[in-house]
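A.B. asks: See coords_32.csv below, with CSV, N, CA and C atoms.
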```csv
chain,number,residue,atom,x,y,z
A,232,MET,N,-75.9,88.6,64.2
A,232,MET,CA,-75.0,87.7,64.8
A,232,MET,C,-75.5,87.0,66.1
A,233,SER,N,-76.5,87.6,66.6
A,233,SER,CA,-77.0,87.0,67.8
A,233,SER,C,-77.7,85.7,67.6
A,234,SER,N,-78.2,85.5,66.4
A,234,SER,CA,-78.9,84.2,66.0
A,234,SER,C,-77.8,83.1,65.9
A,235,SER,N,-76.7,83.4,65.3
A,235,SER,CA,-75.7,82.4,65.2
A,235,SER,C,-75.1,82.0,66.6
A,236,THR,N,-75.1,83.0,67.5
A,236,THR,CA,-74.6,82.7,68.8
A,236,THR,C,-75.6,81.8,69.6
A,237,ALA,N,-76.8,82.0,69.3
A,237,ALA,CA,-77.9,81.2,70.0
A,237,ALA,C,-77.8,79.8,69.5
A,238,ILE,N,-77.6,79.6,68.2
A,238,ILE,CA,-77.5,78.3,67.6
A,238,ILE,C,-76.3,77.6,68.2
A,239,ARG,N,-75.2,78.3,68.3
A,239,ARG,CA,-74.0,77.6,68.8
A,239,ARG,C,-74.1,77.3,70.3
A,240,GLY,N,-74.8,78.2,71.0
A,240,GLY,CA,-75.0,78.0,72.4
A,240,GLY,C,-76.0,76.8,72.7
A,241,ALA,N,-76.8,76.4,71.7
A,241,ALA,CA,-77.7,75.3,71.9
A,241,ALA,C,-77.1,74.0,71.8
A,242,GLN,N,-75.9,73.9,71.2
A,242,GLN,CA,-75.2,72.6,71.0
A,242,GLN,C,-74.7,72.1,72.3
A,243,PRO,N,-74.7,70.7,72.5
A,243,PRO,CA,-74.2,70.2,73.8
A,243,PRO,C,-72.7,70.3,73.8
A,244,SER,N,-72.1,70.1,75.0
A,244,SER,CA,-70.7,70.2,75.1
A,244,SER,C,-70.0,69.1,74.3
A,245,SER,N,-68.8,69.3,73.9
A,245,SER,CA,-68.0,68.4,73.0
A,245,SER,C,-67.7,67.1,73.8
A,246,THR,N,-67.5,67.1,75.1
A,246,THR,CA,-67.2,65.9,75.8
A,246,THR,C,-68.4,64.9,75.9
A,247,SER,N,-69.5,65.4,76.1
A,247,SER,CA,-70.7,64.6,76.2
A,247,SER,C,-71.1,64.1,74.8
A,248,ASN,N,-70.9,64.9,73.7
A,248,ASN,CA,-71.2,64.5,72.4
A,248,ASN,C,-70.3,63.3,71.9
A,249,ALA,N,-69.0,63.3,72.3
A,249,ALA,CA,-68.1,62.2,71.9
A,249,ALA,C,-68.5,61.0,72.6
A,250,ALA,N,-68.9,61.0,73.8
A,250,ALA,CA,-69.3,59.8,74.6
A,250,ALA,C,-70.6,59.3,74.0
A,251,ASP,N,-71.5,60.1,73.6
A,251,ASP,CA,-72.7,59.6,73.0
A,251,ASP,C,-72.4,59.0,71.6
A,252,ASN,N,-71.5,59.6,70.8
A,252,ASN,CA,-71.1,59.0,69.5
A,252,ASN,C,-70.5,57.7,69.7
A,253,GLY,N,-69.7,57.5,70.7
A,253,GLY,CA,-69.0,56.2,71.0
A,253,GLY,C,-70.0,55.1,71.4
A,254,ASP,N,-71.0,55.5,72.2
A,254,ASP,CA,-72.0,54.5,72.6
A,254,ASP,C,-72.9,54.2,71.4
A,255,SER,N,-73.3,55.2,70.6
A,255,SER,CA,-74.2,54.9,69.5
A,255,SER,C,-73.4,54.1,68.4
A,256,LEU,N,-72.1,54.4,68.2
A,256,LEU,CA,-71.3,53.6,67.3
A,256,LEU,C,-71.2,52.1,67.7
A,257,GLN,N,-71.0,52.0,69.1
A,257,GLN,CA,-70.9,50.6,69.6
A,257,GLN,C,-72.2,49.9,69.5
A,258,GLY,N,-73.3,50.6,69.7
A,258,GLY,CA,-74.6,49.9,69.5
A,258,GLY,C,-74.9,49.6,68.1
A,259,ILE,N,-74.5,50.4,67.1
A,259,ILE,CA,-74.7,50.1,65.7
A,259,ILE,C,-73.8,49.0,65.3
A,260,ARG,N,-72.5,49.0,65.8
A,260,ARG,CA,-71.6,47.9,65.6
A,260,ARG,C,-72.1,46.5,66.0
A,261,GLU,N,-72.7,46.5,67.3
A,261,GLU,CA,-73.2,45.3,67.8
A,261,GLU,C,-74.5,44.8,67.0
A,262,TYR,N,-75.3,45.8,66.6
A,262,TYR,CA,-76.5,45.5,65.8
A,262,TYR,C,-76.1,44.8,64.5
A,263,TYR,N,-75.1,45.4,63.8
A,263,TYR,CA,-74.7,44.8,62.5
A,263,TYR,C,-73.9,43.5,62.7
A,264,LEU,N,-73.1,43.4,63.7
A,264,LEU,CA,-72.4,42.1,64.0
A,264,LEU,C,-73.5,41.0,64.2
A,265,HIS,N,-74.5,41.3,65.0
A,265,HIS,CA,-75.6,40.3,65.2
A,265,HIS,C,-76.3,40.0,63.9
A,266,LYS,N,-76.5,41.0,63.0
A,266,LYS,CA,-77.2,40.7,61.7
A,266,LYS,C,-76.3,39.8,60.9
A,267,ILE,N,-74.9,40.1,60.9
A,267,ILE,CA,-74.0,39.3,60.1
A,267,ILE,C,-74.0,37.8,60.7
A,268,GLN,N,-74.0,37.7,62.0
A,268,GLN,CA,-74.0,36.3,62.5
A,268,GLN,C,-75.3,35.6,62.1
A,269,VAL,N,-76.4,36.2,62.2
A,269,VAL,CA,-77.7,35.6,61.8
A,269,VAL,C,-77.6,35.2,60.3
A,270,ALA,N,-77.1,36.1,59.5
A,270,ALA,CA,-77.0,35.8,58.0
A,270,ALA,C,-76.0,34.6,57.8
A,271,GLU,N,-74.9,34.6,58.5
A,271,GLU,CA,-74.0,33.5,58.3
A,271,GLU,C,-74.6,32.2,58.8
A,272,GLN,N,-75.4,32.2,59.9
A,272,GLN,CA,-76.1,31.0,60.3
A,272,GLN,C,-77.1,30.5,59.3
A,273,ASN,N,-77.8,31.5,58.7
A,273,ASN,CA,-78.7,31.1,57.6
A,273,ASN,C,-78.0,30.5,56.4
A,274,ILE,N,-76.8,31.0,56.1
A,274,ILE,CA,-76.1,30.4,55.0
A,274,ILE,C,-75.7,29.0,55.3
A,275,VAL,N,-75.2,28.7,56.5
A,275,VAL,CA,-74.8,27.4,57.0
A,275,VAL,C,-76.0,26.5,56.9
A,276,ASP,N,-77.2,26.9,57.4
A,276,ASP,CA,-78.4,26.1,57.4
A,276,ASP,C,-78.8,25.8,56.0
A,277,LYS,N,-78.8,26.8,55.1
A,277,LYS,CA,-79.2,26.6,53.7
A,277,LYS,C,-78.3,25.6,53.0
A,278,THR,N,-77.0,25.8,53.3
A,278,THR,CA,-76.0,24.9,52.7
A,278,THR,C,-76.2,23.4,53.1
A,279,GLN,N,-76.4,23.2,54.4
A,279,GLN,CA,-76.7,21.9,54.9
A,279,GLN,C,-78.0,21.3,54.2
A,280,ASN,N,-79.0,22.1,54.1
A,280,ASN,CA,-80.2,21.7,53.5
A,280,ASN,C,-80.0,21.3,52.0
A,281,LEU,N,-79.2,22.1,51.3
A,281,LEU,CA,-78.9,21.9,49.9
A,281,LEU,C,-78.2,20.5,49.8
A,282,ARG,N,-77.2,20.3,50.6
A,282,ARG,CA,-76.5,19.0,50.6
A,282,ARG,C,-77.4,17.8,50.8
A,283,ARG,N,-78.3,18.0,51.8
A,283,ARG,CA,-79.3,16.9,52.1
A,283,ARG,C,-80.2,16.7,50.9
A,284,LEU,N,-80.7,17.7,50.3
A,284,LEU,CA,-81.6,17.6,49.1
A,284,LEU,C,-80.8,17.0,47.9
A,285,GLU,N,-79.6,17.3,47.7
A,285,GLU,CA,-78.8,16.7,46.7
A,285,GLU,C,-78.6,15.3,46.9
A,286,ALA,N,-78.3,14.9,48.1
A,286,ALA,CA,-78.2,13.4,48.4
A,286,ALA,C,-79.5,12.7,48.2
A,287,GLN,N,-80.6,13.3,48.6
A,287,GLN,CA,-81.9,12.7,48.4
A,287,GLN,C,-82.2,12.6,46.9
A,288,ARG,N,-81.9,13.6,46.1
A,288,ARG,CA,-82.1,13.6,44.7
A,288,ARG,C,-81.2,12.5,44.0
A,289,ASN,N,-80.0,12.3,44.5
A,289,ASN,CA,-79.1,11.3,43.9
A,289,ASN,C,-79.7,9.9,44.2
A,290,THR,N,-80.2,9.7,45.4
A,290,THR,CA,-80.8,8.4,45.8
A,290,THR,C,-82.0,8.1,45.0
A,291,LEU,N,-82.9,9.1,44.8
A,291,LEU,CA,-84.1,9.0,44.0
A,291,LEU,C,-83.7,8.7,42.5
A,292,ASN,N,-82.7,9.4,42.0
A,292,ASN,CA,-82.3,9.2,40.6
A,292,ASN,C,-81.8,7.7,40.4
A,293,THR,N,-81.1,7.2,41.4
A,293,THR,CA,-80.6,5.8,41.3
A,293,THR,C,-81.8,4.9,41.3
A,294,ARG,N,-82.7,5.1,42.2
A,294,ARG,CA,-83.9,4.2,42.2
A,294,ARG,C,-84.7,4.3,40.9
A,295,VAL,N,-84.8,5.5,40.3
A,295,VAL,CA,-85.5,5.6,39.0
A,295,VAL,C,-84.7,4.9,37.9
A,296,ARG,N,-83.4,5.0,37.9
A,296,ARG,CA,-82.6,4.3,36.9
A,296,ARG,C,-82.8,2.8,37.0
A,297,LEU,N,-82.7,2.3,38.3
A,297,LEU,CA,-82.9,0.8,38.5
A,297,LEU,C,-84.3,0.4,38.1
A,298,LEU,N,-85.3,1.2,38.4
A,298,LEU,CA,-86.7,0.8,38.0
A,298,LEU,C,-86.8,0.8,36.4
A,299,LYS,N,-86.2,1.8,35.8
A,299,LYS,CA,-86.2,1.8,34.3
A,299,LYS,C,-85.6,0.6,33.7
A,300,ASP,N,-84.4,0.2,34.3
A,300,ASP,CA,-83.7,-1.0,33.8
A,300,ASP,C,-84.6,-2.2,34.0
A,301,GLU,N,-85.2,-2.3,35.2
A,301,GLU,CA,-86.1,-3.5,35.4
A,301,GLU,C,-87.3,-3.5,34.4
A,302,LEU,N,-87.8,-2.3,34.2
A,302,LEU,CA,-89.0,-2.2,33.2
A,302,LEU,C,-88.5,-2.6,31.8
A,303,ASN,N,-87.3,-2.2,31.4
A,303,ASN,CA,-86.8,-2.6,30.1
A,303,ASN,C,-86.7,-4.1,30.0
A,304,LEU,N,-86.2,-4.7,31.1
A,304,LEU,CA,-86.0,-6.2,31.2
A,304,LEU,C,-87.4,-6.9,31.1
A,305,LEU,N,-88.4,-6.3,31.7
A,305,LEU,CA,-89.7,-6.9,31.7
A,305,LEU,C,-90.4,-6.8,30.3
A,306,GLN,N,-90.0,-5.8,29.6
A,306,GLN,CA,-90.6,-5.5,28.3
A,306,GLN,C,-89.9,-6.3,27.1
A,307,GLU,N,-88.8,-7.0,27.5
A,307,GLU,CA,-88.1,-7.8,26.5
A,307,GLU,C,-89.0,-9.0,26.1
A,308,PRO,N,-88.8,-9.4,24.9
A,308,PRO,CA,-89.7,-10.6,24.5
A,308,PRO,C,-89.3,-11.8,25.3
A,309,ALA,N,-90.3,-12.6,25.6
A,309,ALA,CA,-90.1,-13.8,26.4
A,309,ALA,C,-89.3,-14.9,25.6
A,310,LEU,N,-88.7,-15.7,26.3
A,310,LEU,CA,-88.0,-16.8,25.6
A,310,LEU,C,-89.0,-17.8,25.1
A,311,SER,N,-88.7,-18.4,23.9
A,311,SER,CA,-89.6,-19.4,23.4
A,311,SER,C,-89.0,-20.8,23.5
A,312,VAL,N,-89.8,-21.7,23.8
A,312,VAL,CA,-89.4,-23.1,23.9
A,312,VAL,C,-89.6,-23.7,22.5
A,313,ALA,N,-88.5,-24.2,21.9
A,313,ALA,CA,-88.5,-24.8,20.6
A,313,ALA,C,-88.1,-26.2,20.6
A,314,GLU,N,-88.4,-26.9,19.5
A,314,GLU,CA,-88.0,-28.3,19.4
A,314,GLU,C,-86.9,-28.4,18.4
A,315,VAL,N,-85.9,-29.2,18.7
A,315,VAL,CA,-84.7,-29.3,17.8
A,315,VAL,C,-85.2,-30.2,16.6
A,316,VAL,N,-84.9,-29.7,15.4
A,316,VAL,CA,-85.3,-30.5,14.2
A,316,VAL,C,-84.0,-31.1,13.6
A,317,LYS,N,-82.9,-30.3,13.5
A,317,LYS,CA,-81.7,-30.9,12.9
A,317,LYS,C,-80.5,-30.0,13.4
A,318,VAL,N,-79.4,-30.7,13.7
A,318,VAL,CA,-78.1,-30.0,14.0
A,318,VAL,C,-77.5,-29.6,12.6
A,319,ILE,N,-77.2,-28.3,12.4
A,319,ILE,CA,-76.7,-27.9,11.1
A,319,ILE,C,-75.2,-27.8,11.1
A,320,GLY,N,-74.6,-27.3,12.1
A,320,GLY,CA,-73.2,-27.2,12.2
A,320,GLY,C,-72.7,-27.3,13.6
A,321,LYS,N,-71.4,-26.7,13.8
A,321,LYS,CA,-70.9,-26.7,15.1
A,321,LYS,C,-71.6,-25.9,16.1
A,322,ASN,N,-72.2,-24.8,15.6
A,322,ASN,CA,-72.9,-23.9,16.6
A,322,ASN,C,-74.3,-23.5,16.0
A,323,LYS,N,-74.8,-24.2,15.1
A,323,LYS,CA,-76.1,-23.8,14.5
A,323,LYS,C,-77.1,-25.0,14.6
A,324,VAL,N,-78.4,-24.7,14.9
A,324,VAL,CA,-79.4,-25.7,15.0
A,324,VAL,C,-80.7,-25.2,14.3
A,325,LEU,N,-81.3,-26.1,13.6
A,325,LEU,CA,-82.6,-25.8,13.1
A,325,LEU,C,-83.7,-26.2,14.1
A,326,VAL,N,-84.5,-25.2,14.5
A,326,VAL,CA,-85.5,-25.5,15.5
A,326,VAL,C,-86.9,-25.2,15.0
A,327,LYS,N,-87.9,-25.8,15.6
A,327,LYS,CA,-89.3,-25.6,15.1
A,327,LYS,C,-90.1,-24.9,16.3
A,328,LEU,N,-90.5,-23.7,16.0
A,328,LEU,CA,-91.4,-23.0,16.9
A,328,LEU,C,-92.8,-23.3,16.5
A,329,HIS,N,-93.7,-23.7,17.4
A,329,HIS,CA,-95.0,-24.2,17.0
A,329,HIS,C,-95.8,-23.1,16.3
A,330,PRO,N,-96.0,-21.9,16.9
A,330,PRO,CA,-96.8,-20.9,16.1
A,330,PRO,C,-96.1,-20.3,15.0
A,331,GLU,N,-94.8,-20.1,15.0
A,331,GLU,CA,-94.1,-19.3,14.0
A,331,GLU,C,-93.5,-20.1,12.9
A,332,GLY,N,-93.1,-21.3,13.1
A,332,GLY,CA,-92.5,-22.0,12.0
A,332,GLY,C,-91.1,-22.5,12.4
A,333,ARG,N,-90.1,-22.5,11.5
A,333,ARG,CA,-88.8,-23.0,11.8
A,333,ARG,C,-87.8,-21.9,11.7
A,334,ASN,N,-86.8,-21.9,12.6
A,334,ASN,CA,-85.7,-20.9,12.6
A,334,ASN,C,-84.3,-21.6,12.8
A,335,VAL,N,-83.3,-21.0,12.3
A,335,VAL,CA,-81.9,-21.4,12.6
A,335,VAL,C,-81.4,-20.5,13.7
A,336,VAL,N,-80.9,-21.1,14.7
A,336,VAL,CA,-80.5,-20.4,15.9
A,336,VAL,C,-79.1,-20.8,16.3
A,337,ASP,N,-78.4,-19.9,17.0
A,337,ASP,CA,-77.0,-20.2,17.5
A,337,ASP,C,-77.2,-21.0,18.8
A,338,ILE,N,-76.2,-21.8,19.1
A,338,ILE,CA,-76.1,-22.6,20.3
A,338,ILE,C,-75.4,-21.8,21.3
A,339,ALA,N,-75.9,-21.8,22.5
A,339,ALA,CA,-75.2,-21.1,23.6
A,339,ALA,C,-74.0,-21.9,24.0
A,340,ASP,N,-73.0,-21.2,24.6
A,340,ASP,CA,-71.7,-21.8,25.0
A,340,ASP,C,-71.9,-22.9,26.0
A,341,GLY,N,-72.9,-22.8,26.9
A,341,GLY,CA,-73.1,-23.8,28.0
A,341,GLY,C,-73.8,-25.0,27.6
A,342,ILE,N,-74.2,-25.1,26.3
A,342,ILE,CA,-75.0,-26.3,25.8
A,342,ILE,C,-74.1,-27.2,25.1
A,343,ASP,N,-74.1,-28.5,25.4
A,343,ASP,CA,-73.3,-29.5,24.7
A,343,ASP,C,-74.1,-29.9,23.4
A,344,ILE,N,-73.3,-29.9,22.3
A,344,ILE,CA,-73.9,-30.2,21.0
A,344,ILE,C,-74.4,-31.6,20.9
A,345,ALA,N,-73.6,-32.5,21.6
A,345,ALA,CA,-74.0,-34.0,21.5
A,345,ALA,C,-75.3,-34.2,22.2
A,346,SER,N,-75.7,-33.4,23.1
A,346,SER,CA,-77.0,-33.6,23.7
A,346,SER,C,-78.2,-33.1,22.9
A,347,LEU,N,-77.9,-32.4,21.8
A,347,LEU,CA,-79.0,-31.9,21.0
A,347,LEU,C,-79.4,-32.9,19.9
A,348,LYS,N,-80.5,-33.6,20.1
A,348,LYS,CA,-81.0,-34.6,19.1
A,348,LYS,C,-82.3,-34.2,18.7
A,349,PRO,N,-82.8,-34.6,17.5
A,349,PRO,CA,-84.1,-34.2,17.1
A,349,PRO,C,-85.2,-34.6,18.1
A,350,THR,N,-86.2,-33.8,18.2
A,350,THR,CA,-87.3,-33.8,19.1
A,350,THR,C,-87.0,-33.5,20.6
A,351,THR,N,-85.8,-32.9,20.8
A,351,THR,CA,-85.5,-32.5,22.2
A,351,THR,C,-85.9,-31.0,22.3
A,352,ARG,N,-86.2,-30.6,23.4
A,352,ARG,CA,-86.6,-29.2,23.6
A,352,ARG,C,-85.5,-28.4,24.4
```
Spit out the file's structure as structure tokens when you get a sec.

C.D. replies:
Amino acid sequence: MSSSTAIRGAQPSSTSNAADNGDSLQGIREYYLHKIQVAEQNIVDKTQNLRRLEAQRNTLNTRVRLLKDELNLLQEPALSVAEVVKVIGKNKVLVKLHPEGRNVVDIADGIDIASLKPTTR
């Protein structure tokens, strides 16, 4: 029993132990509160960076879409200049394309039929 008395006697007093526990708990609490604040700040920073990158991606996607549309317009066949051979109806005309031959085409709305006479381009 003397060994158990020696172990009990080696422990610090209960009043100083409670004060040390309070200080260590406060220190641990401050440490983790600081860690939480740092993590929350990282979340805010990453969220702002994500929004910036999304806006940049949307801008680039818009530019790519416009460039694709422009490229498609450039790849369309060129307009051909043809010579009127004969007016066939109210909205049809027979035209002569020099390398390809003759075609029947529709007249656009903005063109006056009376102005279409043979040999006009």

A.B. asks: Per DSSP on the backbone, filter chain A down to the residues in alpha helix (DSSP H) and report them as JSON, numbers by chain.

C.D. replies: {"A": [233, 234, 235, 236, 237, 238, 239, 240, 241, 245, 246, 247, 248, 249, 250, 251, 252, 253, 254, 255, 256, 257, 258, 259, 260, 261, 262, 263, 264, 265, 266, 267, 268, 269, 270, 271, 272, 273, 274, 275, 276, 277, 278, 279, 280, 281, 282, 283, 284, 285, 286, 287, 288, 289, 290, 291, 292, 293, 294, 295, 296, 297, 298, 299, 300, 301, 302, 303, 304, 305, 306]}

A.B. asks: What is the distance, in Å and to one decimal place, between CA of Ile342 (chain A) and atom N of Asp300 (chain A)?

C.D. replies: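 Interatomic distance, CA of Ile342 (chain A) to atom N of Asp300 (chain A): 29.4 Å.
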
A.B. asks: Rounded to one decimal, what separation in Å do you get between atom N of Leu264 (chain A) and atom N of Gln279 (chain A)?

C.D. replies: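 That distance, rounded to one decimal, is 22.5 Å.
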
A.B. asks: As a ChimeraX atom specification, please: every residue in chain A that a backbone DSSP assignment puts in strand (DSSP E or B).

C.D. replies: /A:314-318,323-328,332-337

A.B. asks: Find the distance between CA of Asn334 (chain A) and CA of Val315 (chain A) and write it in Å to one decimal.

C.D. replies: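 Taking CA of Asn334 (chain A) as the start and CA of Val315 (chain A) as the end point, the length is 9.9 Å.
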
A.B. asks: Neighbouring residues of Thr350 (chain A) were defined as those with any atom within 7 Å, considering all atoms listed in the file; residues of the same chain fewer than 6 positions away were excluded. Please report them as a compact mmCIF listing (two decimals) with N, CA and C atoms, in the coordinates of the input.

C.D. replies:
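Writing done, so here's out_27.txt:
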```txt
# COMPACT_ATOMS: atom_id res chain seq x y z
N GLU A 314 -88.40 -26.90 19.50
CA GLU A 314 -88.00 -28.30 19.40
C GLU A 314 -86.90 -28.40 18.40
N VAL A 315 -85.90 -29.20 18.70
CA VAL A 315 -84.70 -29.30 17.80
C VAL A 315 -85.20 -30.20 16.60
N VAL A 316 -84.90 -29.70 15.40
CA VAL A 316 -85.30 -30.50 14.20
C VAL A 316 -84.00 -31.10 13.60
N LYS A 317 -82.90 -30.30 13.50
CA LYS A 317 -81.70 -30.90 12.90
C LYS A 317 -80.50 -30.00 13.40
```

A.B. asks: Go through A:Leu256, A:Ile274, A:Ala313, A:Val269 and flag the residue nearest Pro330 (chain A), using only C-alpha atoms for the distances.

C.D. replies: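 Nearest to Pro330 (chain A): A:Ala313.
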
A.B. asks: What's around Val312 (chain A) at 7 Å? Count all atoms listed in the file, leave out sequence neighbours fewer than 4 positions away in its own chain, and write the answer as a count of residues only.

C.D. replies: 4

A.B. asks: My structure is short of atoms at region 267-276 of chain A; please model all heavy atoms there, returning them as a PDB file, keeping the file's coordinate frame.

C.D. replies:
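Result went into selection06.pdb, see below:
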```pdb
ATOM      1  N   ILE A 267     -74.900  40.100  60.900  1.00  0.00           N
ATOM      2  CA  ILE A 267     -74.000  39.300  60.100  1.00  0.00           C
ATOM      3  C   ILE A 267     -74.000  37.800  60.700  1.00  0.00           C
ATOM      4  O   ILE A 267     -73.986  36.884  59.871  1.00  0.00           O
ATOM      5  CB  ILE A 267     -72.587  39.899  60.200  1.00  0.00           C
ATOM      6  CG1 ILE A 267     -72.562  41.191  59.385  1.00  0.00           C
ATOM      7  CG2 ILE A 267     -71.528  38.924  59.692  1.00  0.00           C
ATOM      8  CD1 ILE A 267     -71.302  42.012  59.562  1.00  0.00           C
ATOM      9  N   GLN A 268     -74.000  37.700  62.000  1.00  0.00           N
ATOM     10  CA  GLN A 268     -74.000  36.300  62.500  1.00  0.00           C
ATOM     11  C   GLN A 268     -75.300  35.600  62.100  1.00  0.00           C
ATOM     12  O   GLN A 268     -75.245  34.375  61.808  1.00  0.00           O
ATOM     13  CB  GLN A 268     -73.895  36.363  64.056  1.00  0.00           C
ATOM     14  CG  GLN A 268     -72.513  36.757  64.546  1.00  0.00           C
ATOM     15  CD  GLN A 268     -72.476  36.947  66.054  1.00  0.00           C
ATOM     16  OE1 GLN A 268     -73.513  36.971  66.708  1.00  0.00           O
ATOM     17  NE2 GLN A 268     -71.272  37.104  66.588  1.00  0.00           N
ATOM     18  N   VAL A 269     -76.400  36.200  62.200  1.00  0.00           N
ATOM     19  CA  VAL A 269     -77.700  35.600  61.800  1.00  0.00           C
ATOM     20  C   VAL A 269     -77.600  35.200  60.300  1.00  0.00           C
ATOM     21  O   VAL A 269     -78.034  34.103  59.929  1.00  0.00           O
ATOM     22  CB  VAL A 269     -78.866  36.551  62.068  1.00  0.00           C
ATOM     23  CG1 VAL A 269     -80.137  36.052  61.411  1.00  0.00           C
ATOM     24  CG2 VAL A 269     -79.056  36.716  63.563  1.00  0.00           C
ATOM     25  N   ALA A 270     -77.100  36.100  59.500  1.00  0.00           N
ATOM     26  CA  ALA A 270     -77.000  35.800  58.000  1.00  0.00           C
ATOM     27  C   ALA A 270     -76.000  34.600  57.800  1.00  0.00           C
ATOM     28  O   ALA A 270     -76.315  33.757  56.943  1.00  0.00           O
ATOM     29  CB  ALA A 270     -76.505  37.035  57.260  1.00  0.00           C
ATOM     30  N   GLU A 271     -74.900  34.600  58.500  1.00  0.00           N
ATOM     31  CA  GLU A 271     -74.000  33.500  58.300  1.00  0.00           C
ATOM     32  C   GLU A 271     -74.600  32.200  58.800  1.00  0.00           C
ATOM     33  O   GLU A 271     -74.389  31.109  58.158  1.00  0.00           O
ATOM     34  CB  GLU A 271     -72.675  33.735  59.122  1.00  0.00           C
ATOM     35  CG  GLU A 271     -71.793  34.791  58.476  1.00  0.00           C
ATOM     36  CD  GLU A 271     -70.595  35.160  59.336  1.00  0.00           C
ATOM     37  OE1 GLU A 271     -70.569  34.805  60.536  1.00  0.00           O
ATOM     38  OE2 GLU A 271     -69.675  35.795  58.809  1.00  0.00           O
ATOM     39  N   GLN A 272     -75.400  32.200  59.900  1.00  0.00           N
ATOM     40  CA  GLN A 272     -76.100  31.000  60.300  1.00  0.00           C
ATOM     41  C   GLN A 272     -77.100  30.500  59.300  1.00  0.00           C
ATOM     42  O   GLN A 272     -77.226  29.322  59.037  1.00  0.00           O
ATOM     43  CB  GLN A 272     -76.732  31.225  61.675  1.00  0.00           C
ATOM     44  CG  GLN A 272     -77.366  29.992  62.273  1.00  0.00           C
ATOM     45  CD  GLN A 272     -76.364  28.889  62.526  1.00  0.00           C
ATOM     46  OE1 GLN A 272     -75.267  29.130  63.001  1.00  0.00           O
ATOM     47  NE2 GLN A 272     -76.729  27.666  62.204  1.00  0.00           N
ATOM     48  N   ASN A 273     -77.800  31.500  58.700  1.00  0.00           N
ATOM     49  CA  ASN A 273     -78.700  31.100  57.600  1.00  0.00           C
ATOM     50  C   ASN A 273     -78.000  30.500  56.400  1.00  0.00           C
ATOM     51  O   ASN A 273     -78.524  29.523  55.844  1.00  0.00           O
ATOM     52  CB  ASN A 273     -79.494  32.375  57.139  1.00  0.00           C
ATOM     53  CG  ASN A 273     -80.606  32.762  58.087  1.00  0.00           C
ATOM     54  OD1 ASN A 273     -81.055  31.952  58.894  1.00  0.00           O
ATOM     55  ND2 ASN A 273     -81.034  34.008  58.008  1.00  0.00           N
ATOM     56  N   ILE A 274     -76.800  31.000  56.100  1.00  0.00           N
ATOM     57  CA  ILE A 274     -76.100  30.400  55.000  1.00  0.00           C
ATOM     58  C   ILE A 274     -75.700  29.000  55.300  1.00  0.00           C
ATOM     59  O   ILE A 274     -75.790  28.090  54.479  1.00  0.00           O
ATOM     60  CB  ILE A 274     -74.815  31.287  54.692  1.00  0.00           C
ATOM     61  CG1 ILE A 274     -75.241  32.608  54.056  1.00  0.00           C
ATOM     62  CG2 ILE A 274     -73.839  30.550  53.787  1.00  0.00           C
ATOM     63  CD1 ILE A 274     -74.123  33.610  53.931  1.00  0.00           C
ATOM     64  N   VAL A 275     -75.200  28.700  56.500  1.00  0.00           N
ATOM     65  CA  VAL A 275     -74.800  27.400  57.000  1.00  0.00           C
ATOM     66  C   VAL A 275     -76.000  26.500  56.900  1.00  0.00           C
ATOM     67  O   VAL A 275     -75.949  25.334  56.386  1.00  0.00           O
ATOM     68  CB  VAL A 275     -74.195  27.418  58.371  1.00  0.00           C
ATOM     69  CG1 VAL A 275     -74.050  26.021  58.949  1.00  0.00           C
ATOM     70  CG2 VAL A 275     -72.849  28.114  58.334  1.00  0.00           C
ATOM     71  N   ASP A 276     -77.200  26.900  57.400  1.00  0.00           N
ATOM     72  CA  ASP A 276     -78.400  26.100  57.400  1.00  0.00           C
ATOM     73  C   ASP A 276     -78.800  25.800  56.000  1.00  0.00           C
ATOM     74  O   ASP A 276     -79.173  24.630  55.658  1.00  0.00           O
ATOM     75  CB  ASP A 276     -79.520  26.807  58.145  1.00  0.00           C
ATOM     76  CG  ASP A 276     -79.260  26.910  59.643  1.00  0.00           C
ATOM     77  OD1 ASP A 276     -78.392  26.164  60.156  1.00  0.00           O
ATOM     78  OD2 ASP A 276     -79.926  27.744  60.293  1.00  0.00           O
TER      79      ASP A 276
END
```
